[in-house]
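Trainee: As input, take input_29.csv (CSV, C-alpha atoms):
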chain,number,residue,atom,x,y,z
A,255,MET,CA,30.5,5.0,-10.0
A,256,GLU,CA,27.1,4.7,-11.7
A,257,VAL,CA,24.0,6.8,-12.0
A,258,ASN,CA,20.7,5.3,-13.1
A,259,LEU,CA,18.3,7.7,-14.8
A,260,LYS,CA,14.7,6.5,-15.2
A,261,PHE,CA,12.5,8.6,-17.5
A,262,PRO,CA,9.6,8.8,-17.7
A,263,PHE,CA,7.6,7.8,-14.7
A,264,ASN,CA,4.1,8.8,-13.6
A,265,LEU,CA,2.3,8.5,-10.3
A,266,GLU,CA,0.8,5.1,-11.1
A,267,ASP,CA,4.4,3.8,-11.2
A,268,ARG,CA,5.3,4.7,-7.6
A,269,LEU,CA,4.7,1.2,-6.3
A,270,ALA,CA,6.7,-0.3,-9.1
A,271,LEU,CA,9.5,2.2,-8.4
A,272,GLY,CA,9.8,1.0,-4.9
A,273,ARG,CA,10.1,-2.6,-6.0
A,274,LYS,CA,12.7,-1.8,-8.7
A,275,PHE,CA,14.7,0.3,-6.2
A,276,GLN,CA,15.0,-2.8,-3.9
A,277,HIS,CA,16.9,-4.4,-6.8
A,278,TYR,CA,18.9,-1.3,-7.8
A,279,ARG,CA,20.2,-0.8,-4.3
A,280,LYS,CA,21.9,-4.2,-4.4
A,281,ILE,CA,24.3,-3.0,-7.2
A,282,PRO,CA,27.4,-2.1,-5.3
A,283,THR,CA,28.7,0.5,-7.8
A,284,LEU,CA,25.4,2.3,-8.2
A,285,GLN,CA,25.5,5.6,-6.3
A,286,GLN,CA,22.4,7.4,-7.5
A,287,VAL,CA,19.0,6.7,-9.0
A,288,ILE,CA,17.0,9.6,-10.4
A,289,TYR,CA,13.3,9.3,-11.4
A,290,ILE,CA,11.9,12.0,-13.6
A,291,ASP,CA,8.1,12.4,-13.9
A,292,SER,CA,6.9,12.9,-17.4
A,293,ASP,CA,3.4,14.2,-16.4
A,294,SER,CA,4.3,16.9,-13.9
A,295,CYS,CA,7.3,18.7,-12.4
A,296,ASN,CA,8.4,16.0,-10.0
A,297,VAL,CA,11.8,14.4,-9.5
A,298,ILE,CA,12.9,11.7,-7.0
A,299,ASN,CA,16.6,11.6,-6.2
A,300,GLN,CA,17.9,8.6,-4.4
A,301,MET,CA,21.6,8.8,-3.5
A,302,ARG,CA,23.8,6.3,-1.6
A,303,GLU,CA,25.4,7.9,1.4
A,304,ALA,CA,29.2,8.0,1.3
A,305,HIS,CA,31.0,5.0,2.7
A,306,SER,CA,27.6,3.4,3.6
A,307,SER,CA,24.9,1.1,2.3
A,308,ALA,CA,22.3,3.7,3.4
A,309,TRP,CA,20.3,5.6,0.8
A,310,LEU,CA,18.9,9.1,1.1
A,311,SER,CA,15.7,9.8,-0.8
A,312,GLN,CA,14.6,13.4,-1.7
A,313,GLU,CA,11.7,14.6,-3.8
A,314,TYR,CA,11.5,17.9,-5.7
A,315,ASP,CA,8.5,19.5,-7.3
A,316,LYS,CA,9.3,23.2,-8.0
A,317,MET,CA,11.1,24.4,-11.1
A,318,THR,CA,13.5,26.3,-8.9
A,319,ASP,CA,14.5,23.2,-6.9
A,320,ALA,CA,17.9,21.8,-7.6
A,321,PHE,CA,19.7,18.6,-6.6
A,322,GLN,CA,23.2,17.2,-6.8
A,323,MET,CA,24.2,14.8,-9.6
A,324,LEU,CA,27.2,13.2,-8.1
A,325,GLN,CA,30.3,15.0,-9.4
A,326,GLN,CA,28.3,16.6,-12.3
A,327,GLY,CA,27.2,19.5,-10.0
A,328,ARG,CA,23.7,20.7,-9.2
A,329,ILE,CA,20.9,20.7,-11.8
A,330,GLU,CA,17.6,22.7,-11.5
A,331,LEU,CA,14.3,21.1,-12.4
A,332,GLY,CA,13.7,24.1,-14.7
A,333,ALA,CA,16.7,22.9,-16.8
A,334,ILE,CA,15.2,19.3,-17.0
A,335,TYR,CA,11.7,20.5,-17.9
A,336,SER,CA,12.8,23.4,-20.1
A,337,GLY,CA,10.2,23.8,-23.0
A,338,ILE,CA,7.7,21.4,-21.5
A,339,ASP,CA,4.1,22.7,-20.9
A,340,PHE,CA,2.2,20.7,-18.3
A,341,SER,CA,-1.1,22.6,-18.7
A,342,GLY,CA,-2.8,20.4,-21.1
Would you mind giving the structure from this file in structure tokens?

Mentor:
Amino acid sequence: MEVNLKFPFNLEDRLALGRKFQHYRKIPTLQQVIYIDSDSCNVINQMREAHSSAWLSQEYDKMTDAFQMLQQGRIELGAIYSGIDFSG
């Protein structure tokens, strides 16, 4: 079981992310891809559905949002972005 973390990404990279994901999804052992934006509070979590080749994509943009990291449990964006000031 594999997880691919991509850090950082910014909004200009969204098209490239889609093209890269087309390749990532072909890796049979890959279960999750997490994109973490370095310019704002924004995380895209793509997770393979159990016993399927279908992927679920969810986007989070609030510090209180949390998502599942496979068997690692849930993680809040506030923990990822702890100590980062996006104001300037």

Trainee: Please provide as a count of residues only all residues within 8 Å of A:Glu330, with the sequence filter that same-chain residues fewer than 6 positions apart are discarded (counting only C-alpha atoms).

Mentor: 5

Trainee: In Å to one decimal, how far is atom CA of A:Gly327 from atom CA of A:Pro282?

Mentor: 22.1 Å

Trainee: Take atom CA of A:Gln312 and atom CA of A:Gln300 and report the distance between them in Å, one decimal.

Mentor: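 One can read the atom CA of A:Gln312 to atom CA of A:Gln300 distance as 6.4 Å.
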
Trainee: Which of these, A:Tyr278, A:Tyr314, A:Tyr289, A:Phe340, has the shortest distance to A:Arg302 once you count only C-alpha atoms?

Mentor: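 Looking at the shortest contact to A:Arg302, the residue is A:Tyr278.
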
Trainee: Using only C-alpha atoms, which protein or nucleic acid residues come within 7 Å of A:Cys295? Drop anything in the same chain fewer than 4 positions from it, and give the result as a ChimeraX atom specification.

Mentor: /A:291,315-317

Trainee: So how far away is atom CA of A:Ile288 from atom CA of A:Met323, in Å?

Mentor: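 Interatomic distance, atom CA of A:Met323 to atom CA of A:Ile288: 8.9 Å.
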
Trainee: Restricting the calculation to all atoms listed in the file: of A:Ser294, A:Glu303, A:Ser311, A:Asp339, which residue gets closest to A:Gly272?

Mentor: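 Between A:Ser294, A:Glu303, A:Ser311, A:Asp339, the residue approaching A:Gly272 most closely is A:Ser311.
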
Trainee: Which residue is closest to A:Val297? Choose from A:Glu313, A:Ala270, A:Thr283, A:Gly337 and count all atoms listed in the file.

Mentor: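 Among the listed residues, the smallest separation from A:Val297 belongs to A:Glu313.
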
Trainee: For each of A:Trp309, A:Tyr335, A:Arg273, A:Ile329, take the minimum atom-to-atom distance to A:Val287, counting only C-alpha atoms, then give the residue where this is smallest.

Mentor: A:Trp309

Trainee: From the options A:Ser292, A:Gln285, A:Asn299, A:Gln326, which residue's atoms come nearest to A:Ile338, counting all atoms listed in the file?

Mentor: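 For A:Ile338, the nearest of the given residues is A:Ser292.
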
Trainee: With distances taken over only C-alpha atoms, which of A:Ser307, A:Gln325, A:Ile298, A:Ile334 is nearest to A:Ile281?

Mentor: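 Counting only C-alpha atoms, the residue closest to A:Ile281 is A:Ser307.
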
Trainee: Stretch 297-323 of chain A from the block above, N, CA and C atoms, as a PDB file, in the first residue's frame, please?

Mentor:
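Saved file part.pdb follows:
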ATOM      1  N   VAL A 297      -5.795  21.542   0.372  1.00  0.00           N
ATOM      2  CA  VAL A 297      -5.307  20.174   0.209  1.00  0.00           C
ATOM      3  C   VAL A 297      -6.288  19.422  -0.680  1.00  0.00           C
ATOM      4  N   ILE A 298      -5.734  18.681  -1.642  1.00  0.00           N
ATOM      5  CA  ILE A 298      -6.536  17.790  -2.470  1.00  0.00           C
ATOM      6  C   ILE A 298      -6.137  16.372  -2.106  1.00  0.00           C
ATOM      7  N   ASN A 299      -7.128  15.583  -1.714  1.00  0.00           N
ATOM      8  CA  ASN A 299      -6.907  14.198  -1.316  1.00  0.00           C
ATOM      9  C   ASN A 299      -7.585  13.289  -2.342  1.00  0.00           C
ATOM     10  N   GLN A 300      -6.805  12.463  -3.006  1.00  0.00           N
ATOM     11  CA  GLN A 300      -7.352  11.505  -3.959  1.00  0.00           C
ATOM     12  C   GLN A 300      -7.068  10.115  -3.417  1.00  0.00           C
ATOM     13  N   MET A 301      -8.143   9.333  -3.251  1.00  0.00           N
ATOM     14  CA  MET A 301      -8.020   8.038  -2.605  1.00  0.00           C
ATOM     15  C   MET A 301      -8.728   6.971  -3.435  1.00  0.00           C
ATOM     16  N   ARG A 302      -8.028   5.847  -3.664  1.00  0.00           N
ATOM     17  CA  ARG A 302      -8.625   4.742  -4.408  1.00  0.00           C
ATOM     18  C   ARG A 302      -9.696   4.093  -3.530  1.00  0.00           C
ATOM     19  N   GLU A 303     -10.871   3.855  -4.119  1.00  0.00           N
ATOM     20  CA  GLU A 303     -11.938   3.188  -3.387  1.00  0.00           C
ATOM     21  C   GLU A 303     -11.585   1.718  -3.196  1.00  0.00           C
ATOM     22  N   ALA A 304     -11.965   1.169  -2.062  1.00  0.00           N
ATOM     23  CA  ALA A 304     -11.622  -0.209  -1.714  1.00  0.00           C
ATOM     24  C   ALA A 304     -12.126  -1.182  -2.774  1.00  0.00           C
ATOM     25  N   HIS A 305     -11.267  -2.114  -3.148  1.00  0.00           N
ATOM     26  CA  HIS A 305     -11.602  -3.178  -4.107  1.00  0.00           C
ATOM     27  C   HIS A 305     -12.124  -2.624  -5.417  1.00  0.00           C
ATOM     28  N   SER A 306     -11.547  -1.521  -5.870  1.00  0.00           N
ATOM     29  CA  SER A 306     -12.027  -0.868  -7.081  1.00  0.00           C
ATOM     30  C   SER A 306     -10.870  -0.134  -7.750  1.00  0.00           C
ATOM     31  N   SER A 307     -11.076   0.217  -9.005  1.00  0.00           N
ATOM     32  CA  SER A 307     -10.102   1.065  -9.681  1.00  0.00           C
ATOM     33  C   SER A 307     -10.575   2.521  -9.699  1.00  0.00           C
ATOM     34  N   ALA A 308     -11.720   2.790  -9.064  1.00  0.00           N
ATOM     35  CA  ALA A 308     -12.268   4.148  -9.002  1.00  0.00           C
ATOM     36  C   ALA A 308     -11.561   4.957  -7.916  1.00  0.00           C
ATOM     37  N   TRP A 309     -11.412   6.250  -8.170  1.00  0.00           N
ATOM     38  CA  TRP A 309     -10.764   7.156  -7.227  1.00  0.00           C
ATOM     39  C   TRP A 309     -11.764   8.214  -6.764  1.00  0.00           C
ATOM     40  N   LEU A 310     -11.693   8.575  -5.495  1.00  0.00           N
ATOM     41  CA  LEU A 310     -12.504   9.631  -4.912  1.00  0.00           C
ATOM     42  C   LEU A 310     -11.600  10.828  -4.671  1.00  0.00           C
ATOM     43  N   SER A 311     -12.004  11.993  -5.159  1.00  0.00           N
ATOM     44  CA  SER A 311     -11.218  13.211  -4.986  1.00  0.00           C
ATOM     45  C   SER A 311     -11.987  14.181  -4.093  1.00  0.00           C
ATOM     46  N   GLN A 312     -11.310  14.678  -3.060  1.00  0.00           N
ATOM     47  CA  GLN A 312     -11.914  15.656  -2.161  1.00  0.00           C
ATOM     48  C   GLN A 312     -10.931  16.797  -1.942  1.00  0.00           C
ATOM     49  N   GLU A 313     -11.482  18.003  -1.837  1.00  0.00           N
ATOM     50  CA  GLU A 313     -10.656  19.189  -1.632  1.00  0.00           C
ATOM     51  C   GLU A 313     -11.034  19.834  -0.303  1.00  0.00           C
ATOM     52  N   TYR A 314     -10.013  20.287   0.429  1.00  0.00           N
ATOM     53  CA  TYR A 314     -10.204  20.886   1.750  1.00  0.00           C
ATOM     54  C   TYR A 314      -9.523  22.251   1.782  1.00  0.00           C
ATOM     55  N   ASP A 315     -10.178  23.239   2.440  1.00  0.00           N
ATOM     56  CA  ASP A 315      -9.598  24.581   2.457  1.00  0.00           C
ATOM     57  C   ASP A 315      -9.791  25.334   3.773  1.00  0.00           C
ATOM     58  N   LYS A 316     -10.185  24.612   4.816  1.00  0.00           N
ATOM     59  CA  LYS A 316     -10.334  25.236   6.135  1.00  0.00           C
ATOM     60  C   LYS A 316      -9.379  24.555   7.112  1.00  0.00           C
ATOM     61  N   MET A 317      -8.784  25.339   7.997  1.00  0.00           N
ATOM     62  CA  MET A 317      -7.835  24.794   8.965  1.00  0.00           C
ATOM     63  C   MET A 317      -8.461  23.702   9.838  1.00  0.00           C
ATOM     64  N   THR A 318      -9.784  23.743  10.007  1.00  0.00           N
ATOM     65  CA  THR A 318     -10.466  22.745  10.829  1.00  0.00           C
ATOM     66  C   THR A 318     -10.866  21.504  10.030  1.00  0.00           C
ATOM     67  N   ASP A 319     -10.723  21.533   8.699  1.00  0.00           N
ATOM     68  CA  ASP A 319     -11.022  20.357   7.879  1.00  0.00           C
ATOM     69  C   ASP A 319     -10.036  19.247   8.205  1.00  0.00           C
ATOM     70  N   ALA A 320     -10.493  18.007   8.100  1.00  0.00           N
ATOM     71  CA  ALA A 320      -9.631  16.848   8.347  1.00  0.00           C
ATOM     72  C   ALA A 320      -9.929  15.791   7.291  1.00  0.00           C
ATOM     73  N   PHE A 321      -8.922  14.986   6.981  1.00  0.00           N
ATOM     74  CA  PHE A 321      -9.113  13.908   6.019  1.00  0.00           C
ATOM     75  C   PHE A 321      -8.370  12.661   6.490  1.00  0.00           C
ATOM     76  N   GLN A 322      -8.772  11.531   5.952  1.00  0.00           N
ATOM     77  CA  GLN A 322      -8.201  10.233   6.321  1.00  0.00           C
ATOM     78  C   GLN A 322      -6.901   9.989   5.563  1.00  0.00           C
ATOM     79  N   MET A 323      -5.865   9.564   6.275  1.00  0.00           N
ATOM     80  CA  MET A 323      -4.609   9.153   5.653  1.00  0.00           C
ATOM     81  C   MET A 323      -4.472   7.648   5.820  1.00  0.00           C
TER      82      MET A 323
END
